[in-house]
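Encoded as structure tokens, the structure appears first; notes follow it.
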Amino acid sequence: MASQNKPKRSIVFFMVPDFSMIAFSMAIEPLRLANRMLGYDCYKWRLTSHDGEPVTASNQVVVSVNTSLADERRSLSGEHRPTMVFVCSGANVERFQNKSVLAWLREEHNRGVAVGGLCTGAHILAQAGLLSGRRCAIHWENLPGFAEAFPKANVYADLYEIDGSIHTCAGGTAALDMMLSLIGEDHDDTLVNRICEMALTDRVRNAHDRQRLPLRARLGVQNAKVLSIIELMEANLSEPLSLIEIADDAGLSRRQIERLFRQEMGRSPARYYLEIRLDRARHLLIQSPMPVVEVAVACGFVSASHFSKCYRELYSRSPQQERAERKQYQTAA
């Protein structure tokens, strides 16, 4: 009986400034509920930061921690060695630069400890060189910049990904789904269902469920042809398709597509295509250090000057101003 009451997993949550509180709480609460349902501490966890000092979340709530990085390094060789380490990050993850943390993550991984990332945590795992050739998930808003910065990582817009001993999720409520999946591996569906009832959630979503609302709900568009064309556009941003190619794929004439977009989207297909390419460019400017000319190429523009002209027309500021304003905001924060 005593052996049955041993912890299944000992988890370290590494807290990064501006971490996502919703992702963190959605990861830790299922563990607490599992312990409550089981009647013993099957799961144990502790929080750590680089220097052992409290960490402020993106919602400005300050969270105290249990250990420092130095403490965790010592624990690797002792009885408090964890079975898993999760990086908890969120906004402004691109600013994170800490070689000692990256080295520690590699050390944990090399010593057989499973590692993972919540929300934008995959960004830090990739910095540590742990995602080369691995499947991973990251929040959809950060996916364009991540894909450009770490081309060797196989990133998907899934809720979560488990590739061997690497666990990543897109943040938000996706952390709940990933942790319930882990609990299900350790126990059974009965325990998972009891946790869901306590958390007032009706199901565990599949790892490959979409992060964002379906296009139909997100855009308020019902026409199936228009939706399929938009999906085609979104899949071809770096090398835009011509309207003739789109028409051939959709089985419609150019005139029919023009008419449908005017009716459903209030603008021409060319204009809508341009806007979604510029939206991707905006994400890259905000989330990555890519030179403006590389952002232009990644979003299908033949020249930086044409890109800047289109960007200014839509957003009333140049790409350079966008990036400068973002830096000023981050510095003030």
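Ordering of the structure tokens sets the chain letters (A, B, ...); residue numbers start at 1 within each chain; ligands are numbered from 1 in the order shown.
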
Problem set entry | region 305-314 of chain A surroundings by only C-alpha atoms, 8 Å radius, close-in-sequence under 4 positions cut, as an NGL selection string | :A and (275 or 278 or 296 or 301 or 318-319)

Writer output for current selection, N, CA, C and O atoms, as a JSON list (two decimals), in the first residue's frame:
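To be explicit, this is the file written out as selection_13.json:
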[["chain", "number", "residue", "atom", "x", "y", "z"],
["A", 275, "GLU", "N", -4.12, 42.07, -46.80],
["A", 275, "GLU", "CA", -4.31, 42.37, -45.38],
["A", 275, "GLU", "C", -3.84, 41.24, -44.48],
["A", 275, "GLU", "O", -3.24, 41.48, -43.43],
["A", 278, "LEU", "N", -0.07, 41.29, -44.44],
["A", 278, "LEU", "CA", 0.43, 42.38, -43.59],
["A", 278, "LEU", "C", 0.21, 42.08, -42.11],
["A", 278, "LEU", "O", 1.03, 42.48, -41.26],
["A", 296, "ALA", "N", 9.61, 41.32, -45.08],
["A", 296, "ALA", "CA", 8.93, 41.56, -46.35],
["A", 296, "ALA", "C", 8.93, 40.30, -47.21],
["A", 296, "ALA", "O", 7.89, 39.89, -47.75],
["A", 301, "PHE", "N", 6.41, 39.86, -50.25],
["A", 301, "PHE", "CA", 6.60, 41.14, -50.94],
["A", 301, "PHE", "C", 7.92, 41.11, -51.70],
["A", 301, "PHE", "O", 8.93, 40.60, -51.21],
["A", 318, "SER", "N", 5.05, 53.17, -40.43],
["A", 318, "SER", "CA", 5.96, 52.32, -41.18],
["A", 318, "SER", "C", 6.33, 51.07, -40.36],
["A", 318, "SER", "O", 6.14, 51.05, -39.14],
["A", 319, "PRO", "N", 6.87, 50.04, -41.01],
["A", 319, "PRO", "CA", 7.34, 48.88, -40.25],
["A", 319, "PRO", "C", 8.38, 49.26, -39.19],
["A", 319, "PRO", "O", 8.37, 48.72, -38.09]]

For this session: Taking the DSSP assignment computed from this structure's backbone, write out as a ChimeraX atom specification all residues of region 104-330 of chain A that belong to helix (DSSP H, G or I).
Result: /A:104-110,121-127,140-149,174-186,189-199,215-219,224-234,243-250,254-264,269-287,292-298,304-315,319-330

Exercise. Would you give me, as a PyMOL selection string, the residues in region 16-206 of chain A that DSSP reads as strand (DSSP E)?
Worked result: chain A and resi 43-49+55-56+62-63+67-68+84-88+114-118+135-137+154-156+160-163+166-169

Restricting it to C-alpha atoms, dump the selection as a PDB file, in the first residue's frame.
ATOM      1  CA  TYR A  43       1.931  14.755  -7.753  1.00  0.00           C
ATOM      2  CA  LYS A  44       4.409  17.104  -6.159  1.00  0.00           C
ATOM      3  CA  TRP A  45       5.634  20.391  -7.531  1.00  0.00           C
ATOM      4  CA  ARG A  46       7.725  23.395  -6.728  1.00  0.00           C
ATOM      5  CA  LEU A  47       8.300  26.766  -8.341  1.00  0.00           C
ATOM      6  CA  THR A  48      11.711  28.132  -9.210  1.00  0.00           C
ATOM      7  CA  SER A  49      13.205  31.282 -10.691  1.00  0.00           C
ATOM      8  CA  VAL A  55       8.310  36.575 -10.383  1.00  0.00           C
ATOM      9  CA  THR A  56       5.654  38.893 -11.800  1.00  0.00           C
ATOM     10  CA  VAL A  62       3.583  38.529  -8.086  1.00  0.00           C
ATOM     11  CA  VAL A  63       4.256  34.848  -7.377  1.00  0.00           C
ATOM     12  CA  THR A  67      13.979  27.470  -5.145  1.00  0.00           C
ATOM     13  CA  SER A  68      16.627  29.107  -7.298  1.00  0.00           C
ATOM     14  CA  MET A  84       9.626  16.920 -15.185  1.00  0.00           C
ATOM     15  CA  VAL A  85      10.499  20.586 -15.717  1.00  0.00           C
ATOM     16  CA  PHE A  86       8.078  23.041 -17.282  1.00  0.00           C
ATOM     17  CA  VAL A  87       9.082  26.505 -18.486  1.00  0.00           C
ATOM     18  CA  CYS A  88       6.242  28.952 -17.756  1.00  0.00           C
ATOM     19  CA  ALA A 114      11.272  15.375 -19.160  1.00  0.00           C
ATOM     20  CA  VAL A 115      11.087  19.049 -20.156  1.00  0.00           C
ATOM     21  CA  GLY A 116       8.212  21.135 -21.400  1.00  0.00           C
ATOM     22  CA  GLY A 117       6.892  24.591 -22.100  1.00  0.00           C
ATOM     23  CA  LEU A 118       3.618  26.321 -21.295  1.00  0.00           C
ATOM     24  CA  ARG A 135       7.186  18.453 -32.802  1.00  0.00           C
ATOM     25  CA  CYS A 136       6.066  21.331 -30.594  1.00  0.00           C
ATOM     26  CA  ALA A 137       3.184  23.716 -29.988  1.00  0.00           C
ATOM     27  CA  ASN A 154       8.456  21.308 -36.238  1.00  0.00           C
ATOM     28  CA  VAL A 155       5.917  23.733 -34.811  1.00  0.00           C
ATOM     29  CA  TYR A 156       2.169  23.209 -35.109  1.00  0.00           C
ATOM     30  CA  TYR A 160      -0.324  20.597 -27.260  1.00  0.00           C
ATOM     31  CA  GLU A 161       2.386  18.284 -28.521  1.00  0.00           C
ATOM     32  CA  ILE A 162       4.184  15.440 -26.773  1.00  0.00           C
ATOM     33  CA  ASP A 163       7.290  14.290 -28.638  1.00  0.00           C
ATOM     34  CA  ILE A 166       9.370  16.995 -24.721  1.00  0.00           C
ATOM     35  CA  HIS A 167       5.960  18.436 -23.752  1.00  0.00           C
ATOM     36  CA  THR A 168       4.692  21.755 -25.100  1.00  0.00           C
ATOM     37  CA  CYS A 169       1.302  23.437 -25.146  1.00  0.00           C
TER      38      CYS A 169
END

Exercise. Looking at only C-alpha atoms, which of A:Ala122, A:Val12, A:Cys42, A:Asp186 is the one that sits closest to Pro82 (chain A)?
Worked result: A:Val12

Exercise. How many Å separate CA of Asp71 (chain A) from CA of Ser10 (chain A)?
Worked result: 15.2 Å

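Between CA of Ser165 (chain A) and CA of His109 (chain A) lies a distance of 8.2 Å.
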
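Comparing A:Arg205, A:His50, A:His80, A:Arg32 by their smallest distance to Phe96 (chain A), the closest is A:His50 (using only C-alpha atoms).
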
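The nearest approach to Trp140 (chain A) among the residues A:Gly172, A:Gly184, A:Gly220, A:Pro289, with only C-alpha atoms taken into account, belongs to A:Gly172.
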
For this session: Fewer than 5 positions away in the same chain doesn't count, so skip those; otherwise give me all residues within 12 Å of region 240-256 of chain A, counting only C-alpha atoms, as JSON, numbers by chain.
Result: {"A": [224, 225, 226, 227, 228, 229, 230, 231, 232, 233, 234, 235, 261, 262, 263, 268, 269, 270, 271, 272, 273, 274, 276, 277, 297, 298, 299, 300, 301, 302]}

Limited to N, CA, C and O atoms, could you put the picked residues into a file as a short mmCIF file (atom, residue, chain, number, x, y, z; two decimals), in the first residue's frame?
data_model
loop_
_atom_site.label_atom_id
_atom_site.label_comp_id
_atom_site.auth_asym_id
_atom_site.auth_seq_id
_atom_site.Cartn_x
_atom_site.Cartn_y
_atom_site.Cartn_z
N ALA A 224 -19.09 28.50 -47.86
CA ALA A 224 -18.03 27.49 -47.81
C ALA A 224 -16.93 27.78 -48.83
O ALA A 224 -15.75 27.53 -48.56
N LYS A 225 -17.28 28.29 -50.00
CA LYS A 225 -16.27 28.59 -51.01
C LYS A 225 -15.33 29.70 -50.56
O LYS A 225 -14.12 29.62 -50.72
N VAL A 226 -15.90 30.74 -49.97
CA VAL A 226 -15.07 31.84 -49.48
C VAL A 226 -14.14 31.35 -48.37
O VAL A 226 -12.95 31.69 -48.33
N LEU A 227 -14.66 30.53 -47.47
CA LEU A 227 -13.84 30.01 -46.38
C LEU A 227 -12.70 29.14 -46.91
O LEU A 227 -11.56 29.24 -46.41
N SER A 228 -12.96 28.32 -47.90
CA SER A 228 -11.90 27.47 -48.45
C SER A 228 -10.84 28.31 -49.15
O SER A 228 -9.64 28.00 -49.09
N ILE A 229 -11.26 29.40 -49.79
CA ILE A 229 -10.29 30.29 -50.45
C ILE A 229 -9.43 31.00 -49.41
O ILE A 229 -8.21 31.13 -49.58
N ILE A 230 -10.04 31.44 -48.32
CA ILE A 230 -9.28 32.11 -47.26
C ILE A 230 -8.27 31.15 -46.64
O ILE A 230 -7.12 31.52 -46.36
N GLU A 231 -8.67 29.90 -46.43
CA GLU A 231 -7.74 28.90 -45.90
C GLU A 231 -6.57 28.70 -46.86
O GLU A 231 -5.42 28.56 -46.43
N LEU A 232 -6.85 28.71 -48.14
CA LEU A 232 -5.80 28.59 -49.16
C LEU A 232 -4.85 29.78 -49.09
O LEU A 232 -3.63 29.63 -49.17
N MET A 233 -5.41 30.97 -48.95
CA MET A 233 -4.58 32.17 -48.83
C MET A 233 -3.68 32.10 -47.59
O MET A 233 -2.49 32.41 -47.66
N GLU A 234 -4.27 31.71 -46.46
CA GLU A 234 -3.50 31.67 -45.20
C GLU A 234 -2.38 30.65 -45.26
O GLU A 234 -1.39 30.77 -44.54
N ALA A 235 -2.54 29.63 -46.10
CA ALA A 235 -1.50 28.60 -46.23
C ALA A 235 -0.42 29.01 -47.23
O ALA A 235 0.60 28.30 -47.36
N PHE A 261 -16.28 37.77 -52.72
CA PHE A 261 -15.53 38.51 -51.71
C PHE A 261 -16.13 39.88 -51.46
O PHE A 261 -16.14 40.37 -50.32
N ARG A 262 -16.64 40.51 -52.49
CA ARG A 262 -17.31 41.80 -52.30
C ARG A 262 -18.54 41.62 -51.42
O ARG A 262 -18.81 42.44 -50.53
N GLN A 263 -19.27 40.53 -51.63
CA GLN A 263 -20.49 40.29 -50.86
C GLN A 263 -20.19 39.88 -49.42
O GLN A 263 -20.81 40.38 -48.48
N SER A 268 -12.13 43.31 -52.19
CA SER A 268 -11.71 42.38 -53.24
C SER A 268 -10.85 41.26 -52.63
O SER A 268 -10.26 41.43 -51.55
N PRO A 269 -10.73 40.12 -53.30
CA PRO A 269 -9.87 39.06 -52.80
C PRO A 269 -8.41 39.50 -52.72
O PRO A 269 -7.69 39.10 -51.79
N ALA A 270 -7.98 40.32 -53.66
CA ALA A 270 -6.59 40.80 -53.63
C ALA A 270 -6.34 41.65 -52.39
O ALA A 270 -5.29 41.54 -51.74
N ARG A 271 -7.31 42.50 -52.05
CA ARG A 271 -7.17 43.35 -50.87
C ARG A 271 -7.15 42.50 -49.60
O ARG A 271 -6.36 42.74 -48.69
N TYR A 272 -8.03 41.51 -49.52
CA TYR A 272 -8.07 40.67 -48.33
C TYR A 272 -6.78 39.88 -48.19
O TYR A 272 -6.23 39.77 -47.09
N TYR A 273 -6.27 39.35 -49.29
CA TYR A 273 -5.01 38.61 -49.28
C TYR A 273 -3.88 39.50 -48.78
O TYR A 273 -3.05 39.09 -47.96
N LEU A 274 -3.83 40.74 -49.25
CA LEU A 274 -2.82 41.68 -48.82
C LEU A 274 -2.91 41.94 -47.31
O LEU A 274 -1.90 41.97 -46.61
N ILE A 276 -4.08 39.99 -44.86
CA ILE A 276 -3.62 38.89 -44.00
C ILE A 276 -2.11 38.71 -44.08
O ILE A 276 -1.47 38.30 -43.12
N ARG A 277 -1.51 39.06 -45.23
CA ARG A 277 -0.05 39.03 -45.32
C ARG A 277 0.56 40.12 -44.44
O ARG A 277 1.57 39.91 -43.77
N VAL A 297 10.09 39.66 -47.34
CA VAL A 297 10.20 38.46 -48.16
C VAL A 297 9.36 37.33 -47.58
O VAL A 297 8.68 36.60 -48.31
N ALA A 298 9.39 37.18 -46.24
CA ALA A 298 8.63 36.11 -45.58
C ALA A 298 7.13 36.26 -45.78
O ALA A 298 6.38 35.29 -45.65
N CYS A 299 6.69 37.47 -46.10
CA CYS A 299 5.26 37.72 -46.28
C CYS A 299 4.89 37.97 -47.74
O CYS A 299 3.82 38.49 -48.05
N GLY A 300 5.81 37.62 -48.63
CA GLY A 300 5.47 37.61 -50.05
C GLY A 300 5.61 38.92 -50.78
O GLY A 300 5.00 39.09 -51.86
N PHE A 301 6.41 39.86 -50.25
CA PHE A 301 6.60 41.14 -50.94
C PHE A 301 7.92 41.11 -51.70
O PHE A 301 8.93 40.60 -51.21
N VAL A 302 7.90 41.68 -52.89
CA VAL A 302 9.07 41.61 -53.76
C VAL A 302 10.15 42.61 -53.37
O VAL A 302 11.30 42.46 -53.75
#

For this session: Name all residues at most 10 Å from Gln320 (chain A) (count only C-alpha atoms; drop same-chain ones fewer than 6 positions away) and give them as a PyMOL selection string.
Result: chain A and resi 285+291-292+308+326

For this session: Within 10 Å of Leu31 (chain A), counting only C-alpha atoms, which residues show up once you throw out same-chain ones fewer than 5 positions away? Write them as an MDAnalysis selection string, please.
Result: chainID A and resid 9 11 26 36:37 41:45 176 179:180 182:183 195

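With distances restricted to only C-alpha atoms, A:Leu143 is the closest residue to His283 (chain A) from A:Leu260, A:Ala34, A:Leu191, A:Leu143.
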
Seminar exercise, completed: Using only C-alpha atoms, the shortest atom-to-atom distance to Pro30 (chain A) among A:Asn110, A:Thr201, A:Asn142, A:Gln97 belongs to A:Thr201

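If only C-alpha atoms are the atoms counted, then among A:Asp51, A:Glu148, A:Asp209, A:Glu72 the closest residue to Met290 (chain A) is A:Glu148.
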